[in-house]
>>> print(open('query-v7.pdb').read())   # PDB, C-alpha atoms
ATOM      1  CA  MET A  17      20.684 -55.316  10.150
ATOM      2  CA  SER A  18      22.651 -55.406  13.415
ATOM      3  CA  GLY A  19      23.440 -51.683  13.011
ATOM      4  CA  ALA A  20      19.827 -50.678  12.320
ATOM      5  CA  VAL A  21      18.285 -48.289  14.830
ATOM      6  CA  THR A  22      14.607 -48.616  15.787
ATOM      7  CA  ARG A  23      12.917 -45.259  16.335
ATOM      8  CA  VAL A  24      10.444 -45.427  19.226
ATOM      9  CA  LEU A  25       7.740 -43.082  20.513
ATOM     10  CA  VAL A  26       6.464 -43.431  24.103
ATOM     11  CA  ALA A  27       2.852 -42.582  25.064
ATOM     12  CA  ASP A  28       1.846 -42.570  28.746
ATOM     13  CA  ASP A  29      -0.148 -40.016  30.730
ATOM     14  CA  GLN A  30       1.812 -40.488  33.982
ATOM     15  CA  THR A  31       4.886 -38.254  33.863
ATOM     16  CA  VAL A  32       7.034 -40.395  36.171
ATOM     17  CA  VAL A  33       6.194 -43.575  34.248
ATOM     18  CA  ARG A  34       6.705 -41.919  30.871
ATOM     19  CA  GLU A  35      10.084 -40.467  31.838
ATOM     20  CA  GLY A  36      11.121 -43.798  33.363
ATOM     21  CA  ILE A  37      10.304 -45.677  30.153
ATOM     22  CA  VAL A  38      12.186 -43.097  28.074
ATOM     23  CA  MET A  39      15.204 -43.464  30.378
ATOM     24  CA  LEU A  40      15.040 -47.270  30.193
ATOM     25  CA  LEU A  41      14.812 -47.258  26.403
ATOM     26  CA  GLY A  42      17.781 -44.905  26.244
ATOM     27  CA  LEU A  43      19.898 -47.645  27.847
ATOM     28  CA  LEU A  44      18.915 -50.275  25.281
ATOM     29  CA  PRO A  45      21.169 -50.737  22.246
ATOM     30  CA  GLY A  46      19.673 -50.110  18.820
ATOM     31  CA  ILE A  47      16.762 -47.992  20.108
ATOM     32  CA  GLU A  48      16.311 -44.240  19.682
ATOM     33  CA  VAL A  49      13.475 -42.446  21.474
ATOM     34  CA  VAL A  50      12.104 -39.807  19.086
ATOM     35  CA  GLY A  51       9.305 -38.438  21.269
ATOM     36  CA  ALA A  52       7.067 -38.819  24.310
ATOM     37  CA  ALA A  53       3.320 -38.147  24.448
ATOM     38  CA  ALA A  54       1.091 -37.508  27.455
ATOM     39  CA  ASP A  55      -2.098 -38.837  25.814
ATOM     40  CA  GLY A  56      -3.396 -40.541  22.698
ATOM     41  CA  GLU A  57      -4.135 -37.302  20.869
ATOM     42  CA  GLU A  58      -0.544 -36.145  21.264
ATOM     43  CA  ALA A  59       0.702 -39.619  20.296
ATOM     44  CA  VAL A  60      -1.074 -39.396  16.927
ATOM     45  CA  THR A  61       0.327 -35.903  16.359
ATOM     46  CA  LEU A  62       3.880 -36.992  17.190
ATOM     47  CA  VAL A  63       3.632 -40.056  14.941
ATOM     48  CA  GLU A  64       2.691 -37.716  12.080
ATOM     49  CA  ARG A  65       5.680 -35.521  12.907
ATOM     50  CA  HIS A  66       8.379 -38.129  13.587
ATOM     51  CA  HIS A  67       7.212 -41.315  11.781
ATOM     52  CA  PRO A  68       8.583 -43.704  14.423
ATOM     53  CA  ASP A  69       9.025 -47.411  13.742
ATOM     54  CA  VAL A  70       7.260 -48.407  16.972
ATOM     55  CA  VAL A  71       4.975 -46.721  19.502
ATOM     56  CA  LEU A  72       4.940 -47.968  23.099
ATOM     57  CA  MET A  73       1.322 -47.195  23.980
ATOM     58  CA  ASP A  74      -0.418 -46.949  27.336
ATOM     59  CA  LEU A  75      -4.170 -47.693  27.256
ATOM     60  CA  ARG A  76      -5.871 -45.578  29.924
ATOM     61  CA  MET A  77      -5.140 -41.976  28.931
ATOM     62  CA  PRO A  78      -7.160 -38.716  28.800
ATOM     63  CA  ARG A  79      -8.583 -37.102  25.639
ATOM     64  CA  VAL A  80      -7.907 -40.097  23.391
ATOM     65  CA  ASP A  81      -7.252 -43.507  24.925
ATOM     66  CA  GLY A  82      -4.639 -45.978  23.722
ATOM     67  CA  VAL A  83      -7.051 -48.155  21.755
ATOM     68  CA  GLU A  84      -8.414 -45.259  19.689
ATOM     69  CA  ALA A  85      -4.919 -43.811  19.225
ATOM     70  CA  THR A  86      -3.705 -47.217  18.030
ATOM     71  CA  ARG A  87      -6.596 -47.448  15.563
ATOM     72  CA  ARG A  88      -5.819 -43.990  14.143
ATOM     73  CA  ILE A  89      -2.081 -44.605  13.910
ATOM     74  CA  ARG A  90      -2.430 -48.000  12.231
ATOM     75  CA  ALA A  91      -4.955 -46.605   9.735
ATOM     76  CA  ALA A  92      -2.930 -43.517   8.786
ATOM     77  CA  TYR A  93       0.622 -44.821   9.274
ATOM     78  CA  PRO A  94       0.612 -48.594   8.678
ATOM     79  CA  GLN A  95       4.429 -48.743   8.736
ATOM     80  CA  THR A  96       4.379 -47.750  12.425
ATOM     81  CA  GLU A  97       3.860 -50.704  14.748
ATOM     82  CA  VAL A  98       2.200 -50.386  18.156
ATOM     83  CA  VAL A  99       3.201 -52.263  21.305
ATOM     84  CA  VAL A 100       0.828 -51.750  24.214
ATOM     85  CA  LEU A 101       2.566 -51.237  27.564
ATOM     86  CA  THR A 102      -0.080 -51.127  30.275
ATOM     87  CA  THR A 103      -0.960 -52.106  33.823
ATOM     88  CA  TYR A 104      -3.965 -54.077  32.592
ATOM     89  CA  ALA A 105      -4.027 -57.574  31.062
ATOM     90  CA  ASP A 106      -7.791 -58.215  31.333
ATOM     91  CA  ASP A 107      -9.815 -59.269  28.297
ATOM     92  CA  ASP A 108     -11.598 -55.891  28.070
ATOM     93  CA  SER A 109      -8.215 -54.206  27.587
ATOM     94  CA  LEU A 110      -6.376 -56.883  25.624
ATOM     95  CA  PHE A 111      -8.761 -57.759  22.812
ATOM     96  CA  PRO A 112      -9.826 -54.219  21.806
ATOM     97  CA  ALA A 113      -6.147 -53.239  21.617
ATOM     98  CA  LEU A 114      -5.314 -56.186  19.360
ATOM     99  CA  GLN A 115      -8.365 -55.549  17.198
ATOM    100  CA  ALA A 116      -7.314 -51.892  16.864
ATOM    101  CA  GLY A 117      -4.046 -53.051  15.324
ATOM    102  CA  ALA A 118      -1.541 -53.422  18.175
ATOM    103  CA  ARG A 119       0.979 -56.155  17.412
ATOM    104  CA  GLY A 120       2.516 -56.300  20.858
ATOM    105  CA  TYR A 121       1.106 -56.309  24.374
ATOM    106  CA  LEU A 122       3.150 -56.062  27.560
ATOM    107  CA  THR A 123       2.330 -55.271  31.161
ATOM    108  CA  LYS A 124       4.319 -52.621  33.021
ATOM    109  CA  ASP A 125       6.172 -55.163  35.108
ATOM    110  CA  ALA A 126       8.097 -56.066  31.928
ATOM    111  CA  GLY A 127      11.850 -55.526  32.113
ATOM    112  CA  GLY A 128      14.083 -53.851  29.573
ATOM    113  CA  GLU A 129      14.999 -57.134  27.892
ATOM    114  CA  GLU A 130      11.322 -58.082  27.440
ATOM    115  CA  ILE A 131      10.461 -54.648  26.033
ATOM    116  CA  ALA A 132      13.421 -54.793  23.630
ATOM    117  CA  LYS A 133      12.349 -58.264  22.473
ATOM    118  CA  ALA A 134       8.753 -57.135  21.849
ATOM    119  CA  ILE A 135       9.989 -54.154  19.825
ATOM    120  CA  ALA A 136      12.310 -56.399  17.790
ATOM    121  CA  ASP A 137       9.541 -58.977  17.284
ATOM    122  CA  VAL A 138       6.991 -56.531  15.883
ATOM    123  CA  ARG A 139       9.660 -54.998  13.639
ATOM    124  CA  ALA A 140      10.308 -58.506  12.288
ATOM    125  CA  GLY A 141       6.599 -59.103  11.609
ATOM    126  CA  ALA A 142       5.932 -61.333  14.628
ATOM    127  CA  ALA A 143       3.688 -60.734  17.636
ATOM    128  CA  GLY A 144       5.378 -59.073  20.610
ATOM    129  CA  LEU A 145       3.336 -60.587  23.429
ATOM    130  CA  SER A 146       4.407 -61.143  27.017
ATOM    131  CA  PRO A 147       4.305 -64.767  28.261
ATOM    132  CA  GLN A 148       1.305 -64.067  30.522
ATOM    133  CA  VAL A 149      -0.601 -62.456  27.643
ATOM    134  CA  GLN A 150       0.184 -65.406  25.361
ATOM    135  CA  LEU A 151      -1.095 -67.723  28.089
ATOM    136  CA  ARG A 152      -4.322 -65.710  28.418
ATOM    137  CA  LEU A 153      -4.882 -65.826  24.668
ATOM    138  CA  LEU A 154      -4.366 -69.586  24.581
ATOM    139  CA  GLU A 155      -6.764 -69.962  27.509
ATOM    140  CA  ARG A 156      -9.362 -67.967  25.577
ATOM    141  CA  LEU A 157      -8.826 -70.217  22.584
ATOM    142  CA  SER A 158      -9.357 -73.290  24.749
ATOM    143  CA  GLU A 159     -12.465 -71.782  26.376
ATOM    144  CA  HIS A 160     -13.908 -70.901  22.973
ATOM    145  CA  GLY A 161     -13.215 -74.378  21.664
ATOM    146  CA  ALA A 162     -14.875 -75.984  24.671
ATOM    147  CA  ARG A 163     -18.053 -73.949  24.114
ATOM    148  CA  SER A 164     -18.126 -74.571  20.364
ATOM    149  CA  ALA A 165     -19.173 -77.503  18.270
ATOM    150  CA  PRO A 166     -16.645 -80.354  18.076
ATOM    151  CA  PRO A 167     -13.305 -78.809  17.097
ATOM    152  CA  VAL A 168     -12.247 -78.922  13.475
ATOM    153  CA  GLU A 169      -8.902 -80.523  12.646
ATOM    154  CA  PRO A 170      -7.146 -77.932  10.462
ATOM    155  CA  SER A 171      -5.200 -80.600   8.593
ATOM    156  CA  THR A 172      -8.239 -82.751   7.673
ATOM    157  CA  ALA A 173     -11.252 -80.416   7.674
ATOM    158  CA  ARG A 174     -13.329 -79.854   4.566
ATOM    159  CA  PRO A 175     -13.254 -76.219   3.391
ATOM    160  CA  GLY A 176     -16.937 -75.771   4.270
ATOM    161  CA  GLU A 177     -16.190 -76.501   7.926
ATOM    162  CA  LEU A 178     -13.843 -73.526   8.246
ATOM    163  CA  PRO A 179     -14.995 -69.879   8.399
ATOM    164  CA  ASP A 180     -14.762 -67.522   5.417
ATOM    165  CA  GLY A 181     -13.669 -70.272   3.029
ATOM    166  CA  LEU A 182     -10.289 -70.833   4.666
ATOM    167  CA  THR A 183      -8.452 -73.899   3.452
ATOM    168  CA  ALA A 184      -7.062 -76.430   5.909
ATOM    169  CA  ARG A 185      -3.519 -75.179   5.303
ATOM    170  CA  GLU A 186      -4.535 -71.528   5.758
ATOM    171  CA  ALA A 187      -6.192 -72.439   9.068
ATOM    172  CA  GLU A 188      -3.005 -74.221  10.106
ATOM    173  CA  VAL A 189      -0.927 -71.145   9.275
ATOM    174  CA  LEU A 190      -3.419 -68.947  11.158
ATOM    175  CA  ALA A 191      -3.121 -71.172  14.247
ATOM    176  CA  LEU A 192       0.673 -70.796  14.139
ATOM    177  CA  ILE A 193       0.348 -67.009  13.807
ATOM    178  CA  ALA A 194      -1.852 -67.113  16.913
ATOM    179  CA  GLU A 195       0.978 -68.921  18.707
ATOM    180  CA  GLY A 196       3.219 -65.932  17.916
ATOM    181  CA  LEU A 197       5.430 -67.622  15.298
ATOM    182  CA  SER A 198       7.209 -65.554  12.644
ATOM    183  CA  ASN A 199       7.054 -66.377   8.935
ATOM    184  CA  ALA A 200      10.443 -68.104   9.150
ATOM    185  CA  GLU A 201       9.331 -70.212  12.124
ATOM    186  CA  ILE A 202       6.072 -71.175  10.388
ATOM    187  CA  ALA A 203       7.997 -72.198   7.274
ATOM    188  CA  GLN A 204      10.297 -74.344   9.394
ATOM    189  CA  ARG A 205       7.373 -75.935  11.260
ATOM    190  CA  LEU A 206       5.464 -76.769   8.052
ATOM    191  CA  PHE A 207       8.522 -77.686   5.926
ATOM    192  CA  VAL A 208       7.685 -75.099   3.259
ATOM    193  CA  SER A 209       9.382 -71.967   1.955
ATOM    194  CA  GLN A 210       8.826 -68.523   3.467
ATOM    195  CA  ALA A 211       7.382 -67.445   0.101
ATOM    196  CA  THR A 212       4.727 -70.161   0.437
ATOM    197  CA  VAL A 213       3.938 -69.022   3.971
ATOM    198  CA  LYS A 214       3.589 -65.424   2.778
ATOM    199  CA  THR A 215       1.175 -66.561   0.049
ATOM    200  CA  HIS A 216      -0.975 -68.416   2.593
ATOM    201  CA  ILE A 217      -0.962 -65.371   4.883
ATOM    202  CA  ASN A 218      -1.939 -63.001   2.061
ATOM    203  CA  ASN A 219      -4.791 -65.342   1.105
ATOM    204  CA  LEU A 220      -6.130 -65.777   4.643
ATOM    205  CA  PHE A 221      -5.852 -62.029   5.315
ATOM    206  CA  ALA A 222      -7.938 -61.358   2.193
ATOM    207  CA  LYS A 223     -10.554 -63.982   3.097
ATOM    208  CA  THR A 224     -10.924 -62.907   6.734
ATOM    209  CA  ALA A 225     -10.615 -59.137   6.049
ATOM    210  CA  VAL A 226      -7.942 -58.655   8.718
ATOM    211  CA  ARG A 227      -5.267 -55.985   8.231
ATOM    212  CA  ASP A 228      -2.361 -57.419  10.192
ATOM    213  CA  ARG A 229      -1.121 -60.274  12.386
ATOM    214  CA  ALA A 230      -2.641 -58.899  15.580
ATOM    215  CA  GLN A 231      -6.106 -58.823  14.001
ATOM    216  CA  ALA A 232      -5.449 -62.315  12.638
ATOM    217  CA  VAL A 233      -4.730 -63.482  16.193
ATOM    218  CA  ALA A 234      -7.995 -61.945  17.409
ATOM    219  CA  TYR A 235      -9.836 -63.645  14.498
ATOM    220  CA  ALA A 236      -8.291 -66.985  15.472
ATOM    221  CA  PHE A 237      -9.547 -66.555  19.051
ATOM    222  CA  ARG A 238     -13.059 -65.714  17.926
ATOM    223  CA  HIS A 239     -13.286 -68.759  15.677
ATOM    224  CA  GLY A 240     -11.462 -71.259  17.870
ATOM    225  CA  ILE A 241      -8.674 -71.843  15.334
ATOM    226  CA  THR A 242      -5.832 -72.943  17.553
ATOM    227  CA  GLY A 243      -2.695 -75.024  17.430
ATOM    228  CA  THR A 244      -4.045 -77.061  20.353
ATOM    229  CA  GLN A 245      -6.446 -78.664  17.867
ATOM    230  CA  GLN A 246      -3.674 -80.064  15.742
TER     231      GLN A 246
END
>>> encode(input="query-v7.pdb", output="structure tokens")
Amino acid sequence: MSGAVTRVLVADDQTVVREGIVMLLGLLPGIEVVGAAADGEEAVTLVERHHPDVVLMDLRMPRVDGVEATRRIRAAYPQTEVVVLTTYADDDSLFPALQAGARGYLTKDAGGEEIAKAIADVRAGAAGLSPQVQLRLLERLSEHGARSAPPVEPSTARPGELPDGLTAREAEVLALIAEGLSNAEIAQRLFVSQATVKTHINNLFAKTAVRDRAQAVAYAFRHGITGTQQ
């Protein structure tokens, strides 16, 4: 695994920024840049051509923006993960990107180490979110919970009190996904096997009709299912 190379495509409409990101990635071990796109339309075309493992995606681009490009890529090439790399961390940028299927979200002040970690995280099936983005998501969870009816304890709630027929354990697993934990970390936290965690995740994905972990995180925000309730 240590010798595995992650193939990355960069999409950004600003030439200087795009070339700078490509240069930075070229200095990181275990990463190969397979292409660079100037807009979302070209990003989709290059994904079809090169089948990268990860796309680093800007949001505000001409022709096709990053959200729509992410949606197309995730629908047609589900093995390709998307990490958003943008100037914007506002809710109107963040949540549509996650709902479109992005599994990572970084702002452009991220350093090489943070970008490498996000790429590695999404390749491992975890969320590749910057600390400030994680904080914003947790704040949204808290805000949603404060506006909602009295919060439901995932470990003691009756099934009817949770959305879409989620069980208490599935809600607990969903809350841990929203915290950015990997399957291995969830298994360790709950003292169960990774196979059991995967079963819970498959079940909750089917019940909530989400396609991946990023959409599961967005679902958790909408329904106030958060680890802060535990």
>>> atom_distance(input="query-v7.pdb", atom1="atom CA of Gly120 of chain A", atom2="atom CA of Ala134 of chain A")
6.4 Å
>>> resolve_selection(input="query-v7.pdb", expression="the PyMOL selection byres ((chain A and resi 138-150) around 10)", output="PyMOL selection string")
chain A and resi 22+69-70+95-100+105-107+110+118-123+126+130-137+151-156+193-201+228-230+233
>>> residues_around(input="query-v7.pdb", residues="segment 71-76 of chain A", least_positions_apart="2", cutoff="6 Å", atoms="all atoms listed in the file", output="ChimeraX atom specification")
/A:24-28,81-82,98-102
>>> atom_distance(input="query-v7.pdb", atom1="atom CA of Leu178 of chain A", atom2="atom CA of Ala113 of chain A")
25.5 Å
>>> atom_distance(input="query-v7.pdb", atom1="atom CA of Tyr93 of chain A", atom2="atom CA of Glu64 of chain A")
7.9 Å
>>> axis_aligned_box(input="query-v7.pdb", around="segment 176-188 of chain A", padding_each_side="5 Å", output="lines of an AutoDock Vina configuration file")
center_x = -10.0
center_y = -72.0
center_z = 6.6
size_x = 23.9
size_y = 19.0
size_z = 17.1
>>> resolve_selection(input="query-v7.pdb", expression="the PyMOL selection byres ((chain A and resi 55) around 6)", output="ChimeraX atom specification")
/A:29,53-54,56-58,77-78
>>> write_last_selection(input="query-v7.pdb", atoms="C-alpha atoms", output="tab-separated table (two decimals), keeping the file's coordinate frame")
chain	number	residue	atom	x	y	z
A	29	ASP	CA	-0.15	-40.02	30.73
A	53	ALA	CA	3.32	-38.15	24.45
A	54	ALA	CA	1.09	-37.51	27.46
A	56	GLY	CA	-3.40	-40.54	22.70
A	57	GLU	CA	-4.14	-37.30	20.87
A	58	GLU	CA	-0.54	-36.15	21.26
A	77	MET	CA	-5.14	-41.98	28.93
A	78	PRO	CA	-7.16	-38.72	28.80
>>> resolve_selection(input="query-v7.pdb", expression="the PyMOL selection byres ((chain A and resi 86) around 7)", output="PyMOL selection string")
chain A and resi 82-85+87-90+98+116-118
>>> closest_residue(input="query-v7.pdb", among="A:Val32, A:Arg227, A:Leu192, A:Gly42", to="Val213 of chain A", atoms="only C-alpha atoms")
A:Leu192
>>> closest_residue(input="query-v7.pdb", among="A:Phe237, A:Gln231, A:Ile202, A:Ala52", to="Gln30 of chain A", atoms="all atoms listed in the file")
A:Ala52
>>> closest_residue(input="query-v7.pdb", among="A:Val50, A:Arg79, A:Lys214, A:Ala225", to="Arg65 of chain A", atoms="all atoms listed in the file")
A:Val50
>>> closest_residue(input="query-v7.pdb", among="A:Val21, A:Met39, A:Leu44, A:Ile217", to="Gly128 of chain A", atoms="only C-alpha atoms")
A:Leu44
